[in-house]
Amino acid sequence: MTELDSVKALRGVLSTHLNWYGARLDFLARFILALPQVRSVNLARLAPVSSSKTKISSNDIRLQRFFRTFMIDHEQQSIREKNTSATAV
């Protein structure tokens with residue numbers, strides 16, 4: 001299975017659970033697939049392997065922006081936007 005096939009397959013699974021647009025799903029799929037390659041959650045190490053078509057600095061900024069606007073709710077094991085989590089009860 002090629003990298004692109006892996007991204008498409010994971011993106012399909014993620015789309016059934018997350019109501020996000022395509023680019024964000026693609027980003028999350030690439031991010032998840034990069035974690036085992038790098039064996040680190042350090043964003044500087046993840047940036048070079050997140051996407052081969054973009055500059056490393058662009059990937060680094062994209063990773064930072066994602067974690068600035070989204071939170072991982074460990075209690076509910078979900079990912080959601082920070083601005084909507086405050087209103088959720």
# chains A, B, ... in the order shown; residues from 1 in each chain; ligands from 1
$ residues_around --residues "Ser15 in chain A" --least-positions-apart "5" --cutoff "12 Å" --atoms "only C-alpha atoms" --output "compact mmCIF listing (two decimals) with all heavy atoms, in the first residue's frame"
# COMPACT_ATOMS: atom_id res chain seq x y z
N VAL A 7 -3.15 7.28 3.25
CA VAL A 7 -3.78 8.55 3.61
C VAL A 7 -5.25 8.52 3.23
O VAL A 7 -6.12 8.90 4.02
CB VAL A 7 -3.05 9.75 2.96
CG1 VAL A 7 -3.85 11.04 3.13
CG2 VAL A 7 -1.66 9.90 3.54
N LYS A 8 -5.55 8.06 2.02
CA LYS A 8 -6.95 8.00 1.56
C LYS A 8 -7.79 7.07 2.44
O LYS A 8 -8.92 7.39 2.79
CB LYS A 8 -7.01 7.55 0.11
CG LYS A 8 -6.60 8.61 -0.87
CD LYS A 8 -6.73 8.10 -2.30
CE LYS A 8 -6.31 9.14 -3.31
NZ LYS A 8 -6.44 8.64 -4.69
N ALA A 9 -7.22 5.91 2.79
CA ALA A 9 -7.96 4.95 3.61
C ALA A 9 -8.24 5.53 5.00
O ALA A 9 -9.37 5.45 5.50
CB ALA A 9 -7.17 3.65 3.72
N LEU A 10 -7.22 6.10 5.62
CA LEU A 10 -7.40 6.68 6.96
C LEU A 10 -8.34 7.87 6.91
O LEU A 10 -9.18 8.05 7.80
CB LEU A 10 -6.05 7.06 7.56
CG LEU A 10 -6.09 7.60 8.99
CD1 LEU A 10 -6.82 6.65 9.94
CD2 LEU A 10 -4.67 7.85 9.48
N TRP A 20 -15.47 17.18 9.31
CA TRP A 20 -14.48 18.16 8.90
C TRP A 20 -14.39 18.20 7.39
O TRP A 20 -14.76 17.24 6.71
CB TRP A 20 -13.11 17.83 9.45
CG TRP A 20 -12.98 17.94 10.94
CD1 TRP A 20 -13.91 18.37 11.84
CD2 TRP A 20 -11.82 17.61 11.71
NE1 TRP A 20 -13.41 18.33 13.10
CE2 TRP A 20 -12.13 17.87 13.06
CE3 TRP A 20 -10.58 17.13 11.39
CZ2 TRP A 20 -11.22 17.67 14.08
CZ3 TRP A 20 -9.67 16.92 12.40
CH2 TRP A 20 -9.99 17.19 13.74
N TYR A 21 -13.87 19.29 6.86
CA TYR A 21 -13.66 19.39 5.42
C TYR A 21 -12.41 18.60 5.02
O TYR A 21 -11.61 18.20 5.84
CB TYR A 21 -13.59 20.85 4.97
CG TYR A 21 -12.47 21.66 5.57
CD1 TYR A 21 -11.24 21.75 4.94
CD2 TYR A 21 -12.64 22.35 6.76
CE1 TYR A 21 -10.20 22.48 5.48
CE2 TYR A 21 -11.61 23.10 7.31
CZ TYR A 21 -10.40 23.15 6.67
OH TYR A 21 -9.38 23.88 7.21
N GLY A 22 -12.28 18.35 3.71
CA GLY A 22 -11.25 17.46 3.18
C GLY A 22 -9.83 17.78 3.56
O GLY A 22 -9.05 16.88 3.91
N ALA A 23 -9.43 19.05 3.49
CA ALA A 23 -8.04 19.40 3.78
C ALA A 23 -7.68 19.10 5.23
O ALA A 23 -6.57 18.63 5.52
CB ALA A 23 -7.80 20.88 3.48
N ARG A 24 -8.59 19.34 6.14
CA ARG A 24 -8.30 19.07 7.55
C ARG A 24 -8.23 17.56 7.80
O ARG A 24 -7.38 17.09 8.56
CB ARG A 24 -9.36 19.71 8.44
CG ARG A 24 -9.04 19.52 9.90
CD ARG A 24 -9.57 20.58 10.80
NE ARG A 24 -8.82 21.80 10.61
CZ ARG A 24 -9.32 23.00 10.87
NH1 ARG A 24 -10.55 23.12 11.30
NH2 ARG A 24 -8.60 24.07 10.69
N LEU A 25 -9.10 16.79 7.16
CA LEU A 25 -9.05 15.33 7.29
C LEU A 25 -7.75 14.79 6.71
O LEU A 25 -7.13 13.89 7.29
CB LEU A 25 -10.24 14.69 6.58
CG LEU A 25 -11.60 14.86 7.25
CD1 LEU A 25 -12.70 14.40 6.31
CD2 LEU A 25 -11.64 14.09 8.56
N ASP A 26 -7.33 15.34 5.59
CA ASP A 26 -6.08 14.93 4.96
C ASP A 26 -4.90 15.22 5.89
O ASP A 26 -4.01 14.39 6.07
CB ASP A 26 -5.92 15.66 3.62
CG ASP A 26 -4.74 15.13 2.83
OD1 ASP A 26 -4.80 13.96 2.41
OD2 ASP A 26 -3.78 15.90 2.63
N LEU A 28 -4.95 15.53 9.20
CA LEU A 28 -4.97 14.65 10.37
C LEU A 28 -4.52 13.24 10.00
O LEU A 28 -3.77 12.61 10.76
CB LEU A 28 -6.37 14.62 11.00
CG LEU A 28 -6.49 13.84 12.30
CD1 LEU A 28 -5.54 14.38 13.38
CD2 LEU A 28 -7.93 13.86 12.79
N ALA A 29 -4.93 12.75 8.85
CA ALA A 29 -4.49 11.42 8.41
C ALA A 29 -2.98 11.39 8.24
O ALA A 29 -2.31 10.45 8.68
CB ALA A 29 -5.19 11.05 7.10
$ atom_distance --atom1 "CA of Thr16 in chain A" --atom2 "CA of Arg45 in chain A"
28.9 Å
$ atom_distance --atom1 "CA of Leu35 in chain A" --atom2 "CA of Thr69 in chain A"
19.9 Å
$ atom_distance --atom1 "CA of Val41 in chain A" --atom2 "CA of Ser57 in chain A"
16.5 Å
$ closest_residue --among "A:Ile56, A:Leu4, A:Ala44, A:Leu63" --to "Phe27 in chain A" --atoms "only C-alpha atoms"
A:Leu63
$ closest_residue --among "A:Leu33, A:Phe67, A:Asn19, A:Leu14" --to "Thr2 in chain A" --atoms "only C-alpha atoms"
A:Leu33
